[in-house]
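work.cif (mmCIF, C-alpha atoms)
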data_my_file
#
loop_
_atom_site.label_atom_id
_atom_site.label_comp_id
_atom_site.auth_asym_id
_atom_site.auth_seq_id
_atom_site.Cartn_x
_atom_site.Cartn_y
_atom_site.Cartn_z
CA MET A 284 80.60 197.62 -136.73
CA THR A 285 80.37 195.76 -140.00
CA ILE A 286 83.21 195.39 -142.51
CA ALA A 287 81.44 197.85 -144.82
CA GLN A 288 81.18 200.44 -142.03
CA ILE A 289 84.87 200.15 -141.19
CA GLN A 290 85.70 200.48 -144.88
CA GLU A 291 83.69 203.71 -145.08
CA LYS A 292 85.54 205.09 -142.05
CA ILE A 293 88.87 204.27 -143.70
CA ARG A 294 87.82 206.03 -146.90
CA ALA A 295 86.88 209.11 -144.88
CA LEU A 296 90.19 209.04 -142.96
CA LYS A 297 92.17 208.75 -146.18
CA LYS A 298 90.51 211.89 -147.50
CA ASP A 299 90.79 213.86 -144.26
CA ARG A 300 94.41 212.92 -143.52
CA ASP A 301 95.82 212.95 -147.09
CA ILE A 302 96.64 209.22 -147.12
CA CYS A 303 97.29 206.85 -150.01
CA VAL A 304 96.77 203.17 -149.19
CA LEU A 305 98.79 200.49 -150.98
CA ALA A 306 97.88 196.80 -150.76
CA HIS A 307 99.91 193.87 -151.99
CA VAL A 308 97.82 191.32 -153.88
CA TYR A 309 98.27 188.79 -151.07
CA GLN A 310 96.19 190.96 -148.73
CA ALA A 311 92.62 190.10 -147.77
CA ARG A 312 89.79 191.14 -150.05
CA GLU A 313 88.36 193.69 -147.61
CA ILE A 314 91.70 195.53 -147.62
CA LEU A 315 92.06 195.51 -151.41
CA GLU A 316 88.62 197.07 -151.71
CA VAL A 317 89.70 200.25 -149.87
CA ALA A 318 93.23 200.48 -151.30
CA ASP A 319 94.15 203.17 -153.81
CA TYR A 320 96.60 200.84 -155.57
CA THR A 321 96.99 197.07 -155.53
CA GLY A 322 99.57 194.81 -157.15
CA ASP A 323 102.98 193.21 -156.67
CA SER A 324 105.38 194.88 -154.25
CA TYR A 325 107.39 196.91 -156.75
CA ALA A 326 104.36 197.89 -158.82
CA VAL A 327 102.53 199.47 -155.89
CA SER A 328 105.74 201.21 -154.77
CA VAL A 329 105.91 202.90 -158.18
CA CYS A 330 102.23 203.83 -157.91
CA ALA A 331 102.90 205.62 -154.62
CA ARG A 332 105.14 208.09 -156.46
CA LYS A 333 102.20 209.08 -158.66
CA SER A 334 99.91 209.77 -155.73
CA PRO A 335 99.51 213.42 -154.63
CA SER A 336 99.06 212.26 -151.03
CA GLY A 337 101.78 213.17 -148.56
CA SER A 338 101.36 209.99 -146.52
CA VAL A 339 101.37 206.36 -147.65
CA VAL A 340 100.22 203.28 -145.75
CA MET A 341 101.59 199.94 -146.95
CA CYS A 342 99.43 196.87 -146.34
CA GLY A 343 102.03 194.18 -146.88
CA VAL A 344 105.33 193.32 -145.21
CA ARG A 345 108.29 195.39 -144.04
CA PHE A 346 110.56 195.19 -147.08
CA MET A 347 107.68 196.46 -149.22
CA ALA A 348 107.22 199.52 -147.01
CA GLU A 349 110.99 200.11 -147.21
CA THR A 350 110.80 200.04 -151.01
CA VAL A 351 108.00 202.63 -150.94
CA LYS A 352 110.18 204.88 -148.79
CA LEU A 353 113.18 204.41 -151.11
CA LEU A 354 111.15 205.49 -154.13
CA SER A 355 109.22 208.25 -152.35
CA PRO A 356 111.61 209.65 -149.72
CA GLU A 357 109.64 212.90 -149.45
CA LYS A 358 106.52 211.04 -148.29
CA THR A 359 105.70 209.79 -144.80
CA VAL A 360 105.45 206.01 -145.14
CA TYR A 361 103.81 203.63 -142.68
CA LEU A 362 103.63 199.86 -142.39
CA ALA A 363 100.06 199.06 -141.32
CA ASN A 364 101.11 196.13 -139.11
CA PRO A 365 104.64 196.46 -137.67
CA GLU A 366 104.80 192.71 -137.02
CA ALA A 367 104.33 191.80 -140.70
CA GLY A 368 107.73 190.61 -141.90
CA CYS A 369 108.97 188.44 -144.75
CA PRO A 370 110.75 185.18 -143.78
CA MET A 371 112.72 185.24 -147.04
CA ALA A 372 113.95 188.80 -146.53
CA ASP A 373 114.83 188.02 -142.91
CA GLN A 374 117.01 185.02 -143.89
CA LEU A 375 119.78 187.25 -145.22
CA ASN A 376 121.69 189.80 -143.16
CA ALA A 377 124.73 191.93 -143.99
CA ALA A 378 127.23 189.47 -142.47
CA ARG A 379 125.92 186.53 -144.50
CA MET A 380 125.80 188.65 -147.65
CA LYS A 381 129.39 189.82 -147.10
CA ALA A 382 130.52 186.20 -146.66
CA ALA A 383 128.81 185.16 -149.90
CA MET A 384 130.43 188.03 -151.81
CA GLU A 385 133.84 187.04 -150.44
CA LYS A 386 133.25 183.43 -151.46
CA TYR A 387 132.48 184.48 -155.05
CA PRO A 388 134.80 187.38 -155.92
CA GLY A 389 134.28 188.97 -159.30
CA HIS A 390 130.58 188.08 -159.32
CA ALA A 391 127.94 190.77 -159.74
CA ALA A 392 125.65 190.69 -156.71
CA VAL A 393 121.98 190.61 -157.72
CA CYS A 394 119.19 190.65 -155.17
CA TYR A 395 115.52 189.82 -155.42
CA MET A 396 113.11 192.62 -154.52
CA ASN A 397 112.18 190.55 -151.45
CA THR A 398 115.19 191.78 -149.46
CA THR A 399 115.84 194.46 -146.88
CA ALA A 400 117.21 197.89 -147.77
CA GLU A 401 120.45 196.80 -146.07
CA ILE A 402 120.95 194.00 -148.61
CA LYS A 403 119.89 196.13 -151.57
CA ALA A 404 122.58 198.63 -150.58
CA MET A 405 125.21 195.88 -150.95
CA CYS A 406 124.10 194.70 -154.39
CA GLU A 407 124.64 195.94 -157.93
CA VAL A 408 121.08 195.52 -159.11
CA CYS A 409 117.66 194.43 -157.85
CA VAL A 410 115.16 192.29 -159.79
CA THR A 411 111.53 191.25 -159.59
CA SER A 412 110.29 187.76 -160.42
CA SER A 413 108.98 189.02 -163.76
CA SER A 414 112.13 190.98 -164.73
CA ALA A 415 114.92 188.75 -163.39
CA VAL A 416 115.67 186.90 -166.64
CA LYS A 417 115.66 190.09 -168.72
CA ILE A 418 117.83 192.10 -166.34
CA ILE A 419 120.43 189.43 -165.60
CA GLY A 420 120.59 188.60 -169.29
CA ALA A 421 121.38 192.26 -170.03
CA MET A 422 124.26 192.46 -167.54
CA ASP A 423 127.81 192.51 -168.90
CA ASN A 424 129.25 190.33 -166.15
CA PRO A 425 128.71 186.62 -166.95
CA ASN A 426 129.24 185.71 -163.28
CA ILE A 427 126.27 186.38 -161.01
CA LEU A 428 125.70 185.93 -157.28
CA PHE A 429 121.91 185.78 -156.90
CA VAL A 430 120.26 186.19 -153.48
CA PRO A 431 118.27 185.12 -151.58
CA ASP A 432 115.78 182.86 -153.39
CA CYS A 433 117.58 179.81 -154.74
CA ASN A 434 114.44 178.60 -156.56
CA LEU A 435 113.98 181.84 -158.48
CA GLY A 436 117.73 181.81 -159.07
CA ALA A 437 117.54 178.28 -160.49
CA TYR A 438 114.68 179.38 -162.76
CA VAL A 439 116.82 182.23 -164.09
CA ALA A 440 119.89 180.01 -164.48
CA ASP A 441 117.91 177.50 -166.52
CA ARG A 442 116.92 180.23 -168.96
CA LEU A 443 120.35 181.88 -169.13
CA PRO A 444 122.81 179.00 -169.65
CA GLU A 445 125.44 181.48 -170.84
CA LYS A 446 125.64 182.91 -167.30
CA THR A 447 127.33 181.35 -164.28
CA ILE A 448 124.83 181.93 -161.48
CA ARG A 449 125.84 181.18 -157.90
CA LEU A 450 123.10 180.67 -155.32
CA ILE A 451 122.85 180.53 -151.56
CA ASN A 452 120.38 178.49 -149.55
CA GLY A 453 117.36 180.73 -149.11
CA GLY A 454 113.88 181.40 -150.38
CA CYS A 455 110.18 181.62 -149.65
CA PRO A 456 109.21 178.85 -147.21
CA ILE A 457 105.60 178.96 -148.45
CA HIS A 458 106.42 178.32 -152.10
CA ALA A 459 109.34 176.00 -151.36
CA ALA A 460 107.16 173.68 -149.25
CA ILE A 461 105.26 172.40 -152.30
CA ASP A 462 106.67 169.47 -154.28
CA ALA A 463 105.94 167.24 -157.27
CA GLY A 464 103.71 165.05 -155.08
CA ASP A 465 101.41 168.00 -154.46
CA VAL A 466 101.25 168.63 -158.20
CA ALA A 467 100.38 164.99 -158.95
CA ALA A 468 97.65 164.94 -156.31
CA ALA A 469 96.14 168.23 -157.50
CA ARG A 470 96.18 167.21 -161.17
CA LYS A 471 94.49 163.91 -160.31
CA LYS A 472 91.74 165.78 -158.46
CA HIS A 473 91.33 168.46 -161.16
CA PRO A 474 92.50 166.91 -164.46
CA GLY A 475 91.18 169.71 -166.66
CA ALA A 476 92.83 172.54 -164.73
CA LEU A 477 95.87 174.46 -165.96
CA LEU A 478 98.71 174.71 -163.44
CA LEU A 479 99.94 178.28 -162.90
CA VAL A 480 102.92 178.65 -160.54
CA HIS A 481 105.32 181.25 -159.19
CA PRO A 482 109.06 180.82 -159.95
CA GLU A 483 109.72 180.79 -156.19
CA CYS A 484 108.45 177.19 -156.30
CA VAL A 485 110.98 174.34 -156.45
CA PRO A 486 112.27 173.35 -159.92
CA ASP A 487 110.18 170.14 -160.12
CA VAL A 488 106.99 172.15 -159.61
CA VAL A 489 108.05 174.84 -162.07
CA ALA A 490 108.87 172.19 -164.70
CA ALA A 491 105.35 170.73 -164.38
CA ALA A 492 103.54 174.04 -164.80
CA ASP A 493 101.52 175.24 -167.77
CA TYR A 494 102.50 178.82 -166.93
CA VAL A 495 105.21 180.31 -164.70
CA GLY A 496 105.09 183.94 -163.63
CA SER A 497 104.75 186.55 -160.91
CA SER A 498 101.60 186.76 -158.82
CA SER A 499 100.24 189.49 -161.09
CA GLY A 500 101.30 187.47 -164.12
CA ILE A 501 99.39 184.45 -162.84
CA TYR A 502 96.34 186.61 -162.19
CA ASP A 503 96.40 188.19 -165.64
CA TYR A 504 97.00 184.85 -167.40
CA ALA A 505 94.00 183.26 -165.67
CA VAL A 506 91.71 186.20 -166.44
CA LYS A 507 92.61 186.18 -170.15
CA SER A 508 92.72 182.40 -170.64
CA ASP A 509 89.87 180.55 -172.33
CA ASN A 510 90.37 177.65 -169.95
CA ARG A 511 87.74 177.27 -167.23
CA GLU A 512 89.73 175.64 -164.41
CA PHE A 513 93.06 176.53 -162.82
CA LEU A 514 95.40 175.25 -160.12
CA ILE A 515 97.02 178.28 -158.51
CA GLY A 516 100.57 177.65 -157.31
CA THR A 517 101.18 180.78 -155.30
CA GLU A 518 99.79 182.38 -152.13
CA THR A 519 96.17 181.39 -151.60
CA SER A 520 94.88 184.98 -151.86
CA ILE A 521 95.40 184.95 -155.63
CA ALA A 522 92.93 182.08 -156.08
CA GLU A 523 90.44 183.90 -153.84
CA HIS A 524 90.71 187.19 -155.75
CA LEU A 525 90.38 185.39 -159.08
CA GLN A 526 87.08 183.89 -157.96
CA TYR A 527 85.68 187.41 -157.64
CA ALA A 528 87.18 188.55 -160.95
CA CYS A 529 86.01 185.48 -162.91
CA PRO A 530 82.95 183.95 -161.24
CA ASP A 531 82.36 181.74 -164.30
CA LYS A 532 85.72 180.01 -163.83
CA ARG A 533 87.02 177.69 -161.10
CA PHE A 534 90.24 178.24 -159.15
CA TYR A 535 91.83 175.70 -156.84
CA TYR A 536 94.77 175.95 -154.45
CA LEU A 537 97.70 173.84 -155.52
CA SER A 538 97.99 173.29 -151.78
CA LYS A 539 96.27 174.79 -148.74
CA ARG A 540 99.76 175.09 -147.23
CA MET A 541 100.43 178.02 -149.58
CA MET A 542 99.07 180.55 -147.11
CA CYS A 543 101.47 183.26 -145.92
CA HIS A 544 100.69 184.09 -142.31
CA ASN A 545 102.85 187.21 -142.50
CA MET A 546 100.72 188.55 -145.34
CA LYS A 547 97.59 187.60 -143.47
CA ALA A 548 98.85 189.40 -140.33
CA THR A 549 97.54 192.76 -141.56
CA THR A 550 93.85 193.20 -140.84
CA LEU A 551 91.30 195.80 -141.85
CA MET A 552 91.40 197.11 -138.28
CA ASP A 553 95.21 197.49 -138.52
CA LEU A 554 94.65 199.69 -141.55
CA TYR A 555 91.91 201.62 -139.77
CA HIS A 556 94.08 202.35 -136.71
CA CYS A 557 97.04 203.32 -138.89
CA CYS A 558 94.93 205.76 -140.89
CA ALA A 559 93.47 207.13 -137.63
CA GLY A 560 96.98 207.86 -136.33
CA ASP A 561 97.07 205.37 -133.46
CA GLY A 562 98.63 202.35 -135.15
CA GLY A 563 101.19 201.21 -137.67
CA GLU A 564 104.87 202.17 -137.77
CA GLU A 565 106.57 204.96 -139.67
CA ILE A 566 109.40 203.71 -141.89
CA THR A 567 112.63 205.67 -141.60
CA MET A 568 116.21 204.99 -142.67
CA LYS A 569 119.55 206.76 -142.70
CA PRO A 570 120.12 208.88 -145.84
CA GLU A 571 123.32 207.02 -146.81
CA LEU A 572 121.57 203.64 -146.60
CA ALA A 573 118.61 204.93 -148.60
CA ALA A 574 120.89 206.35 -151.31
CA SER A 575 122.83 203.09 -151.70
CA ALA A 576 119.71 200.92 -151.74
CA LYS A 577 117.98 203.18 -154.27
CA ARG A 578 120.95 202.90 -156.65
CA CYS A 579 120.27 199.17 -156.77
CA ILE A 580 116.66 199.82 -157.83
CA ASP A 581 117.68 202.56 -160.28
CA ARG A 582 119.99 200.05 -161.98
CA MET A 583 117.04 197.65 -162.27
CA ILE A 584 115.01 200.33 -164.03
CA GLU A 585 117.95 201.11 -166.33
CA LEU A 586 118.35 197.48 -167.41
CA GLY A 587 114.74 196.35 -167.33
CA GLY A 588 112.63 199.38 -168.05
#

Encoded form (structure tokens):
Amino acid sequence: MTIAQIQEKIRALKKDRDICVLAHVYQAREILEVADYTGDSYAVSVCARKSPSGSVVMCGVRFMAETVKLLSPEKTVYLANPEAGCPMADQLNAARMKAAMEKYPGHAAVCYMNTTAEIKAMCEVCVTSSSAVKIIGAMDNPNILFVPDCNLGAYVADRLPEKTIRLINGGCPIHAAIDAGDVAAARKKHPGALLLVHPECVPDVVAAADYVGSSSGIYDYAVKSDNREFLIGTETSIAEHLQYACPDKRFYYLSKRMMCHNMKATTLMDLYHCCAGDGGEEITMKPELAASAKRCIDRMIELGG
């Protein structure tokens, strides 16, 4: 069958089986085209609550499906590809988190959204890349333990000098692999392009950027900008999607190494089989874990809106 034919089958299955499909913006174009909601991980999790559908399929990675379940516990939530994990989220387990908290007593534990429910349950508040500065700035405690992305943590610390922010060694291996040399080479090749990067990049790359923001922030900035050329310093899917949205502009990868194989693990056929009932994995968690992890997200909403 063709891609279009599979897409039509998925649309029919969604209707027949009362399914809402969520797709993170790093997913392939053919998946985004059949999704009910697309966006960053937290944004699509919020959208799932608005859907009347009783079942939700997450096309993304495991922590994203967990977040959907935390916000919509009454719904049946599936991860389209059970093997799709997040290396950053997997870097931090409960034992390592406990050790960090013991090393920095009196610090408020703040976790990035890209963490497991287990880690969220141990933290005071959760943040997204777009809300981290606002939320941490609004906290009463001047001493912060930020996990797990040390690059995002450094970005926040630079903008909140009044806070003492402790970091651990962790982060996104895709964004962290790019350095100032990649920036210099890309600017030489495309001198008229604006550099748009994610704050998960290393500080030298962030400092060289014309704009720093979340994946959705980068997308929106490029769409609205009058500039005609852009270097995209986040997962390669964003540059691809922007080409469709703005065919009169040019978008270049900051580096071809910025491809997340975990995000690319989910295929259109994975989504098809999950919607058909013979694929994917249902996300479940113990009620006490879910309650503790959701408090972390509720605090984020309270401080950040």

Report task. Identify which of the residues A:Ser538, A:Glu483, A:Ile580, A:Gly500 lies closest to A:Cys394, counting only C-alpha atoms when measuring atom-to-atom distances. Result -> A:Ile580

Query raised in the report: Can you list what the PyMOL selection byres ((chain A and resi 374) around 9) grabs from this structure, as a count of residues only?
Result: 11

Report task. Name all residues at most 10 Å from A:Lys532 (count all atoms listed in the file; drop same-chain ones fewer than 6 positions away) and give them as a list of chain:residue names. Result ->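 The filter keeps A:Ala505, A:Val506, A:Asp509, A:Asn510, A:Arg511, A:Glu512, A:Phe513, A:Leu525, A:Gln526.
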
Report task. Show which residues sit within 6 Å of stretch 549-566 of chain A, as a ChimeraX atom specification. Count all atoms listed in the file, and ignore same-chain residues fewer than 5 positions away. Result -> /A:293,314,360-365

Report task. Rank nothing, just name the residue among A:Tyr320, A:Tyr325, A:Phe429, A:Tyr535 nearest to A:Ser413, using only C-alpha atoms. Result ->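 Going through A:Tyr320, A:Tyr325, A:Phe429, A:Tyr535 one by one, the smallest distance to A:Ser413 is for A:Tyr325.
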
Query raised in the report: Please, what distance in Å, to one decimal, runs between atom CA of A:Met380 and atom CA of A:Asn452?
Result: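 Computing the Euclidean distance for atom CA of A:Met380 and atom CA of A:Asn452 yields 11.7 Å.
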